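Asks: Coordinates in start.cif, mmCIF, C-alpha atoms, are listed below.
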data_work
loop_
_atom_site.label_atom_id
_atom_site.label_comp_id
_atom_site.auth_asym_id
_atom_site.auth_seq_id
_atom_site.Cartn_x
_atom_site.Cartn_y
_atom_site.Cartn_z
CA ILE G 328 -3.72 -13.68 5.89
CA MET G 329 -1.73 -13.84 9.10
CA ALA G 330 0.18 -16.67 10.70
CA SER G 331 0.13 -14.82 14.02
CA SER G 332 -0.82 -11.44 15.39
CA ALA G 333 2.80 -10.31 14.90
CA ARG G 334 3.03 -11.14 11.18
CA TYR G 335 1.37 -9.65 8.13
CA PHE G 336 1.64 -10.89 4.57
CA ASP G 337 1.08 -8.58 1.60
CA GLU G 338 3.72 -9.50 -1.00
CA ASP G 339 3.07 -13.16 -1.75
CA PHE G 340 3.34 -12.53 -5.49
CA ASP G 341 4.25 -9.71 -7.85
CA TRP G 342 1.12 -7.84 -8.97
CA ASN G 343 2.62 -6.68 -12.28
CA GLU G 344 3.50 -10.25 -13.26
CA HIS G 345 0.03 -11.35 -12.14
CA ALA G 346 -1.58 -8.62 -14.30
CA ARG G 347 0.48 -9.58 -17.35
CA SER G 348 -0.55 -13.20 -16.88
CA ILE G 349 -4.23 -12.25 -16.59
CA GLU G 350 -4.14 -9.96 -19.60
CA SER G 351 -2.30 -12.42 -21.85
CA SER G 352 -4.36 -15.45 -20.88
CA GLY G 353 -7.62 -14.18 -22.33
CA VAL G 354 -9.40 -14.58 -18.98
CA LEU G 355 -10.64 -10.99 -19.24
CA MET G 356 -12.86 -12.17 -22.09
CA SER G 357 -14.67 -14.36 -19.55
CA LEU G 358 -15.92 -11.34 -17.62
CA PRO G 359 -19.68 -10.99 -18.01
CA PRO G 360 -20.92 -8.30 -20.42
CA LEU G 361 -22.26 -5.05 -19.01
CA THR G 362 -25.88 -5.39 -18.00
CA ASP G 363 -28.68 -2.91 -17.49
CA LEU G 364 -30.78 -5.04 -15.16
CA GLN G 365 -33.70 -2.90 -14.05
CA ILE G 366 -33.22 -3.86 -10.42
CA ASN G 367 -29.85 -2.07 -10.46
CA VAL G 368 -30.48 0.95 -12.68
CA GLU G 369 -31.46 3.20 -9.78
CA VAL G 370 -28.36 2.20 -7.86
CA LEU G 371 -25.85 3.70 -10.26
CA ASN G 372 -26.76 7.36 -10.69
CA PRO G 373 -26.87 9.69 -7.68
CA GLU G 374 -28.56 12.50 -9.61
CA GLY G 375 -32.28 12.76 -9.08
CA THR G 376 -32.55 9.48 -7.18
CA SER G 377 -32.30 10.69 -3.59
CA GLY G 378 -33.21 7.87 -1.25
CA GLN G 379 -33.56 5.19 -3.95
CA GLN G 380 -29.96 3.99 -3.92
CA SER G 381 -30.06 4.04 -0.16
CA SER G 382 -33.26 2.02 0.14
CA VAL G 383 -32.22 -0.61 -2.43
CA GLN G 384 -28.78 -1.29 -0.97
CA ASP G 385 -30.05 -0.97 2.59
CA ASP G 386 -32.47 -3.82 1.94
CA ASN G 387 -29.76 -5.89 0.26
CA TRP G 388 -27.27 -5.50 3.11
CA ASN G 389 -29.90 -6.06 5.79
CA SER G 390 -30.83 -9.31 4.04
CA PHE G 391 -27.16 -10.29 3.88
CA PHE G 392 -26.58 -9.77 7.59
CA ASP G 393 -29.92 -11.37 8.43
CA SER G 394 -28.70 -14.49 6.62
CA HIS G 395 -25.45 -14.47 8.62
CA GLU G 396 -26.75 -13.39 12.00
CA GLU G 397 -24.37 -15.70 13.83
CA GLY G 398 -21.54 -13.43 12.64
CA MET G 399 -19.20 -16.20 11.52
CA ILE G 400 -18.84 -15.49 7.78
CA TYR G 401 -15.88 -13.14 8.35
CA LYS G 402 -12.97 -13.91 10.65
CA PRO G 403 -11.56 -11.28 13.07
CA ARG G 404 -9.38 -8.89 11.06
CA ARG G 405 -6.37 -8.97 13.37
CA TYR G 406 -4.09 -8.39 10.38
CA LEU G 407 -5.17 -4.72 10.43
CA ILE G 408 -3.09 -4.21 13.57
CA PRO G 409 0.31 -4.93 11.95
CA GLU G 410 -0.85 -3.57 8.58
CA PHE G 411 -1.40 -0.08 10.01
CA GLY G 412 0.73 -0.48 13.15
CA VAL G 413 2.53 2.88 13.14
CA TYR G 414 -0.79 4.76 13.00
CA TRP G 415 -2.41 2.89 15.88
CA GLU G 416 0.60 3.77 18.01
CA LYS G 417 0.33 7.54 17.52
CA GLU G 418 -0.95 8.84 20.85
CA HIS G 419 -2.90 11.79 19.44
CA LEU G 420 -4.84 9.47 17.10
CA ASP G 421 -7.03 8.15 19.92
CA GLY G 422 -10.36 8.63 18.13
CA ILE G 423 -11.30 6.03 15.50
CA LEU G 424 -14.35 6.04 13.24
CA GLU G 425 -14.96 2.88 11.23
CA VAL G 426 -16.98 2.94 8.03
CA GLY G 427 -18.88 -0.29 7.48
CA CYS G 428 -18.15 -2.00 10.79
CA GLY G 429 -20.31 -5.05 10.05
CA TYR G 430 -20.43 -7.14 13.19
CA GLY G 431 -17.11 -6.03 14.60
CA CYS G 432 -14.42 -8.06 12.80
CA ALA G 433 -12.08 -5.04 12.90
CA CYS G 434 -13.35 -3.15 15.93
CA PHE G 435 -13.08 -5.79 18.61
CA PRO G 436 -9.46 -6.90 17.91
CA ILE G 437 -8.35 -3.26 17.70
CA MET G 438 -10.12 -2.17 20.88
CA SER G 439 -8.81 -5.20 22.77
CA LYS G 440 -5.26 -4.31 21.73
CA PHE G 441 -5.35 -0.55 22.37
CA PRO G 442 -6.98 0.45 25.68
CA ASN G 443 -6.48 4.20 25.07
CA LYS G 444 -8.61 4.34 21.90
CA ARG G 445 -12.21 5.44 21.53
CA TYR G 446 -14.27 4.10 18.65
CA ILE G 447 -17.36 5.04 16.66
CA ALA G 448 -18.63 2.02 14.71
CA THR G 449 -20.87 2.94 11.78
CA ASP G 450 -22.63 0.88 9.17
CA TYR G 451 -25.10 1.19 6.32
CA SER G 452 -27.15 -1.73 7.65
CA ALA G 453 -29.34 -1.54 10.74
CA LYS G 454 -29.20 -5.35 10.96
CA ALA G 455 -25.41 -5.29 11.03
CA LEU G 456 -25.46 -2.80 13.90
CA GLU G 457 -27.98 -4.92 15.77
CA ILE G 458 -25.62 -7.91 15.58
CA PHE G 459 -22.66 -5.66 16.44
CA SER G 460 -24.44 -4.24 19.50
CA ASN G 461 -25.39 -7.71 20.73
CA LYS G 462 -21.75 -8.80 20.51
CA LEU G 463 -20.58 -5.57 22.14
CA SER G 464 -22.89 -6.22 25.10
CA THR G 465 -20.92 -9.40 25.87
CA MET G 466 -17.59 -7.56 25.96
CA ASP G 467 -15.77 -6.37 29.04
CA ALA G 468 -16.90 -2.99 30.35
CA SER G 469 -13.47 -1.53 29.54
CA ILE G 470 -14.30 -2.03 25.85
CA ARG G 471 -18.04 -1.32 25.97
CA GLU G 472 -17.60 2.12 27.47
CA ARG G 473 -15.20 3.19 24.68
CA VAL G 474 -17.34 2.14 21.69
CA GLY G 475 -20.24 4.07 20.18
CA VAL G 476 -22.55 2.73 17.47
CA GLU G 477 -24.28 4.76 14.76
CA LEU G 478 -26.26 4.04 11.60
CA TRP G 479 -24.63 5.92 8.72
CA ASP G 480 -25.23 5.85 4.99
CA ILE G 481 -22.00 7.33 3.64
CA THR G 482 -23.64 8.24 0.34
CA GLU G 483 -26.18 10.73 1.69
CA SER G 484 -26.69 10.85 5.47
CA PRO G 485 -25.27 13.69 7.60
CA ASN G 486 -21.92 12.88 9.15
CA PRO G 487 -22.05 11.11 12.54
CA LYS G 488 -21.85 13.23 15.66
CA ILE G 489 -18.44 13.07 17.28
CA VAL G 490 -18.92 12.57 21.02
CA GLY G 491 -16.39 11.64 23.69
CA MET G 492 -13.26 12.05 21.57
CA SER G 493 -11.02 14.66 23.14
CA HIS G 494 -8.78 14.89 20.07
CA GLY G 495 -11.54 14.42 17.48
CA VAL G 496 -11.49 11.72 14.81
CA GLY G 497 -7.83 10.99 14.11
CA ILE G 498 -8.38 7.76 12.16
CA ILE G 499 -11.06 6.76 9.69
CA LEU G 500 -10.95 3.05 9.02
CA SER G 501 -12.46 2.02 5.68
CA VAL G 502 -12.20 -1.74 5.13
CA PHE G 503 -14.19 -3.20 2.22
CA ALA G 504 -16.62 -0.28 2.55
CA LEU G 505 -16.06 2.00 -0.44
CA SER G 506 -16.27 -0.96 -2.83
CA ALA G 507 -19.86 -1.50 -1.68
CA VAL G 508 -21.10 1.78 -3.18
CA PRO G 509 -21.18 2.79 -6.88
CA PRO G 510 -18.16 4.74 -8.17
CA SER G 511 -20.39 7.76 -8.80
CA TYR G 512 -20.41 8.20 -5.01
CA HIS G 513 -16.72 7.56 -4.32
CA GLN G 514 -15.60 11.18 -4.45
CA SER G 515 -18.39 12.49 -2.21
CA CYS G 516 -17.71 9.69 0.30
CA LEU G 517 -14.03 10.62 0.52
CA GLN G 518 -14.98 14.26 0.95
CA ARG G 519 -17.14 13.24 3.91
CA PHE G 520 -14.18 11.38 5.39
CA LYS G 521 -12.06 14.49 4.93
CA GLN G 522 -14.65 16.59 6.79
CA LEU G 523 -14.57 14.17 9.71
CA LEU G 524 -10.77 14.27 9.86
CA SER G 525 -10.98 18.05 10.19
CA THR G 526 -12.15 17.47 13.78
CA ALA G 527 -8.73 16.01 14.70
CA SER G 528 -6.42 18.11 16.84
CA ASP G 529 -3.49 17.11 14.59
CA GLU G 530 -3.13 15.47 11.17
CA GLY G 531 -5.52 12.55 10.81
CA TYR G 532 -5.48 9.58 8.46
CA ILE G 533 -7.79 7.42 6.38
CA LEU G 534 -6.67 3.80 6.70
CA PHE G 535 -7.96 2.01 3.62
CA ARG G 536 -8.16 -1.62 2.57
CA ASP G 537 -10.39 -2.86 -0.22
CA TYR G 538 -10.62 -5.09 -3.29
CA GLY G 539 -7.92 -4.60 -5.92
CA MET G 540 -7.77 -5.11 -9.67
CA TYR G 541 -7.49 -8.75 -10.76
CA ASP G 542 -8.40 -10.19 -7.38
CA MET G 543 -9.55 -13.75 -8.01
CA THR G 544 -13.12 -12.96 -6.94
CA MET G 545 -13.42 -10.46 -9.79
CA PHE G 546 -13.71 -13.37 -12.23
CA ARG G 547 -16.44 -15.19 -10.31
CA HIS G 548 -19.19 -12.60 -10.67
CA ARG G 549 -22.10 -13.14 -13.05
CA ILE G 550 -23.46 -9.57 -13.05
CA ARG G 551 -21.33 -6.69 -14.28
CA LEU G 552 -22.76 -3.18 -14.03
CA GLU G 553 -19.81 -0.96 -14.96
CA GLU G 554 -16.15 -1.38 -15.93
CA ASN G 555 -15.01 -2.59 -12.50
CA LEU G 556 -18.35 -2.70 -10.69
CA PHE G 557 -20.12 -6.03 -10.14
CA ALA G 558 -23.16 -7.25 -8.26
CA ARG G 559 -23.15 -10.41 -6.19
CA GLN G 560 -26.02 -12.88 -6.32
CA ASP G 561 -27.60 -11.11 -3.33
CA GLN G 562 -27.41 -7.80 -5.27
CA THR G 563 -24.82 -6.21 -2.96
CA LEU G 564 -22.14 -4.36 -4.92
CA CYS G 565 -18.42 -4.92 -5.29
CA TYR G 566 -15.99 -2.50 -6.98
CA TYR G 567 -12.36 -3.40 -7.76
CA PHE G 568 -9.91 -0.51 -7.36
CA SER G 569 -6.83 0.24 -9.42
CA LEU G 570 -4.06 2.28 -7.82
CA GLU G 571 -4.34 4.92 -10.56
CA TYR G 572 -8.07 5.39 -10.04
CA LEU G 573 -7.73 5.67 -6.28
CA ALA G 574 -4.73 8.04 -6.40
CA ASN G 575 -6.62 10.38 -8.75
CA LEU G 576 -9.72 10.21 -6.59
CA VAL G 577 -7.83 11.03 -3.41
CA THR G 578 -6.03 13.95 -5.04
CA GLN G 579 -9.26 15.36 -6.45
CA CYS G 580 -10.67 15.41 -2.93
CA GLY G 581 -7.75 17.50 -1.67
CA LEU G 582 -6.23 14.63 0.27
CA ARG G 583 -2.62 13.44 0.22
CA VAL G 584 -1.48 9.91 -0.62
CA VAL G 585 0.81 8.70 2.17
CA GLU G 586 0.85 5.01 1.24
CA LEU G 587 -0.72 3.19 -1.70
CA LYS G 588 0.02 -0.27 -3.09
CA TYR G 589 -1.46 -3.61 -4.02
CA ALA G 590 -1.37 -6.15 -1.20
CA THR G 591 -1.06 -9.62 -2.70
CA VAL G 592 -1.93 -12.70 -0.69
CA ILE G 593 -1.96 -16.38 -1.60
CA ASN G 594 -4.57 -18.45 0.20
CA ARG G 595 -4.85 -22.19 -0.28
CA ASN G 596 -8.02 -24.24 -0.06
CA ARG G 597 -7.18 -27.03 2.38
CA LYS G 598 -9.70 -29.44 0.85
CA THR G 599 -8.90 -28.95 -2.84
CA ASN G 600 -5.36 -27.56 -2.49
CA GLU G 601 -6.45 -24.82 -4.92
CA GLU G 602 -4.26 -21.72 -4.87
CA MET G 603 -6.26 -18.52 -4.53
CA ARG G 604 -4.53 -15.28 -5.52
CA ARG G 605 -6.07 -12.40 -3.64
CA VAL G 606 -5.42 -8.75 -4.50
CA PHE G 607 -6.29 -5.93 -2.13
CA VAL G 608 -5.51 -2.23 -2.13
CA HIS G 609 -3.66 -0.89 0.91
CA GLY G 610 -3.79 2.86 1.32
CA VAL G 611 -3.16 5.63 3.84
CA PHE G 612 -4.45 9.11 3.03
CA ALA G 613 -4.17 12.38 4.92
#
Take the structure I supplied and represent it as structure tokens, if you would.

Replies:
Amino acid sequence: IMASSARYFDEDFDWNEHARSIESSGVLMSLPPLTDLQINVEVLNPEGTSGQQSSVQDDNWNSFFDSHEEGMIYKPRRYLIPEFGVYWEKEHLDGILEVGCGYGCACFPIMSKFPNKRYIATDYSAKALEIFSNKLSTMDASIRERVGVELWDITESPNPKIVGMSHGVGIILSVFALSAVPPSYHQSCLQRFKQLLSTASDEGYILFRDYGMYDMTMFRHRIRLEENLFARQDQTLCYYFSLEYLANLVTQCGLRVVELKYATVINRNRKTNEEMRRVFVHGVFA
């Protein structure tokens, strides 16, 4: 995604032309039909299933991170620094809370770059936080002392306690996190984020990056649960956002859209020379 820490690519192709090509090619017909697999029924409806969605997805994500304990499946997300550069540089936004930190692909590059920031790393998976904490223990003390770790299920757990942030939470970083929960929870999750931003001494921001409509991976799934909601082979979820859906969702939560667009990136498989057209959603909400 980046050639260097100073460059960021997000307009490798025109999304509208890409969408027209997808829609006219008939590839949408290749999407799997909606399924009602019993293993996933309890995941989709938050009403009357308290704890079930949490336990099912908790097990799935713990298994995922257990299978990738070495922490090498995702590269460091250094591209987030130029992507959201102006917000990192705001002095009053010195408290960051990350949703779905995994094993630190975003946290460690950011904290290495900005020595004045404090960070709360949260995740749905206890296994992910175990790996994260082990990696954190190898970091320099100047980073370790500024990072807190907390288990947080954004669909139902109480909000994390905000400790050691003099200006409150000024930034909530949500990177490939909201796509991992069913859309029936999206609004309540954003409302939780809004509550956390209310601790900021000045206007705070949600920095958002997630899967976008017609990303190439959308057409590789074999299990489709809802219109844009799919399950991977390991039963973890993946939702693909449209700009219209996300803008409406943000507005309904009483938040303001500051930035919102599709980020389009062309990756190329070095072995096969296959061109891979990736679509992400870039958003900033306040």

Asks: Any idea what's packed within 10 Å of G:Gly610, counting only C-alpha atoms, ignoring anything in its chain fewer than 2 positions away? Could you give it as an mmCIF file with C-alpha atoms, keeping the file's coordinate frame?

Replies:
data_model
loop_
_atom_site.group_PDB
_atom_site.id
_atom_site.type_symbol
_atom_site.label_atom_id
_atom_site.label_comp_id
_atom_site.auth_asym_id
_atom_site.auth_seq_id
_atom_site.Cartn_x
_atom_site.Cartn_y
_atom_site.Cartn_z
ATOM 1 C CA PHE G 411 -1.400 -0.080 10.010
ATOM 2 C CA SER G 501 -12.460 2.020 5.680
ATOM 3 C CA TYR G 532 -5.480 9.580 8.460
ATOM 4 C CA ILE G 533 -7.790 7.420 6.380
ATOM 5 C CA LEU G 534 -6.670 3.800 6.700
ATOM 6 C CA PHE G 535 -7.960 2.010 3.620
ATOM 7 C CA ARG G 536 -8.160 -1.620 2.570
ATOM 8 C CA ASP G 537 -10.390 -2.860 -0.220
ATOM 9 C CA LEU G 570 -4.060 2.280 -7.820
ATOM 10 C CA LEU G 573 -7.730 5.670 -6.280
ATOM 11 C CA ALA G 574 -4.730 8.040 -6.400
ATOM 12 C CA VAL G 584 -1.480 9.910 -0.620
ATOM 13 C CA VAL G 585 0.810 8.700 2.170
ATOM 14 C CA GLU G 586 0.850 5.010 1.240
ATOM 15 C CA LEU G 587 -0.720 3.190 -1.700
ATOM 16 C CA LYS G 588 0.020 -0.270 -3.090
ATOM 17 C CA TYR G 589 -1.460 -3.610 -4.020
ATOM 18 C CA ALA G 590 -1.370 -6.150 -1.200
ATOM 19 C CA PHE G 607 -6.290 -5.930 -2.130
ATOM 20 C CA VAL G 608 -5.510 -2.230 -2.130
ATOM 21 C CA PHE G 612 -4.450 9.110 3.030
#

Asks: To one decimal place, how far is atom CA of G:Tyr430 from atom CA of G:Thr449 in Å?

Replies: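 We find that atom CA of G:Tyr430 and atom CA of G:Thr449 lie 10.2 Å from each other.
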
Asks: Translate the PyMOL selection byres ((chain G and resi 513-522) around 8) into a concrete residue list for this structure, as a count of residues only.

Replies: 20

Asks: Find the residue from G:Val354, G:Met466, G:Ala453, G:Leu420 that sits nearest to G:His494; use only C-alpha atoms when measuring.

Replies: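 When distances to G:His494 are compared using only C-alpha atoms, the smallest one comes from G:Leu420.
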
Asks: Have a look at atom CA of G:Gly422 and atom CA of G:Pro487 and let me know their distance in Å, one decimal.

Replies: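 We find that atom CA of G:Gly422 and atom CA of G:Pro487 lie 13.2 Å from each other.
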
Asks: Mind giving me the straight-line distance from atom CA of G:Ile408 to atom CA of G:Tyr335 in Å, one decimal?

Replies: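 Distance between the two atoms: 8.9 Å.
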
Asks: Taking the file above as input, evaluate the PyMOL selection byres ((chain G and resi 404) around 9) and report the hits as a PDB file with C-alpha atoms, keeping the file's coordinate frame.

Replies:
ATOM      1  CA  TYR G 401     -15.880 -13.140   8.350  1.00  0.00           C
ATOM      2  CA  LYS G 402     -12.970 -13.910  10.650  1.00  0.00           C
ATOM      3  CA  PRO G 403     -11.560 -11.280  13.070  1.00  0.00           C
ATOM      4  CA  ARG G 405      -6.370  -8.970  13.370  1.00  0.00           C
ATOM      5  CA  TYR G 406      -4.090  -8.390  10.380  1.00  0.00           C
ATOM      6  CA  LEU G 407      -5.170  -4.720  10.430  1.00  0.00           C
ATOM      7  CA  ILE G 408      -3.090  -4.210  13.570  1.00  0.00           C
ATOM      8  CA  GLY G 431     -17.110  -6.030  14.600  1.00  0.00           C
ATOM      9  CA  CYS G 432     -14.420  -8.060  12.800  1.00  0.00           C
ATOM     10  CA  ALA G 433     -12.080  -5.040  12.900  1.00  0.00           C
ATOM     11  CA  CYS G 434     -13.350  -3.150  15.930  1.00  0.00           C
ATOM     12  CA  PHE G 435     -13.080  -5.790  18.610  1.00  0.00           C
ATOM     13  CA  PRO G 436      -9.460  -6.900  17.910  1.00  0.00           C
ATOM     14  CA  ILE G 437      -8.350  -3.260  17.700  1.00  0.00           C
TER      15      ILE G 437
END

Asks: Return as a ChimeraX atom specification the set of residues that the PyMOL selection byres ((chain G and resi 591) around 9) yields on the displayed structure.

Replies: /G:336-342,542,589-590,592-593,604-608

Asks: Could you tell me which of G:Met540, G:Glu472, G:Leu358, G:Tyr446 comes closest to G:Ser506 if we count all atoms listed in the file?

Replies: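 Looking only at the distances to G:Ser506, the closest residue turns out to be G:Met540.
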
Asks: Could you name the residues that touch G:Asp480 at 8 Å or less, counting only C-alpha atoms, but leaving out those on the same chain fewer than 2 positions away, as an mmCIF file with C-alpha atoms, in the coordinates of the input?

Replies:
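Result file is out_17.cif:
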data_model
loop_
_atom_site.group_PDB
_atom_site.id
_atom_site.type_symbol
_atom_site.label_atom_id
_atom_site.label_comp_id
_atom_site.auth_asym_id
_atom_site.auth_seq_id
_atom_site.Cartn_x
_atom_site.Cartn_y
_atom_site.Cartn_z
ATOM 1 C CA SER G 381 -30.060 4.040 -0.160
ATOM 2 C CA ASP G 450 -22.630 0.880 9.170
ATOM 3 C CA TYR G 451 -25.100 1.190 6.320
ATOM 4 C CA LEU G 478 -26.260 4.040 11.600
ATOM 5 C CA THR G 482 -23.640 8.240 0.340
ATOM 6 C CA GLU G 483 -26.180 10.730 1.690
ATOM 7 C CA SER G 484 -26.690 10.850 5.470
#

Asks: Using only C-alpha atoms, which of G:Phe546, G:Ser569, G:Ala558, G:Glu457 sits nearest G:Met356?

Replies: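 Looking only at the distances to G:Met356, the closest residue turns out to be G:Phe546.
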
Asks: Please, which residues are within 10 Å of (-15.9, -13.2, -8.9) by the file's coordinates, counting only C-alpha atoms, and could they come as a ChimeraX atom specification?

Replies: /G:358,541-550,557-559,565

Asks: As AutoDock Vina command-line options, what would the box around stretch 550-565 of chain G look like: edges along x, y and z, 4 Å added on every side, centre and edge lengths in Å to one decimal?

Replies:
--center_x -21.3 --center_y -6.9 --center_z -9.4 --size_x 20.6 --size_y 19.9 --size_z 21.0
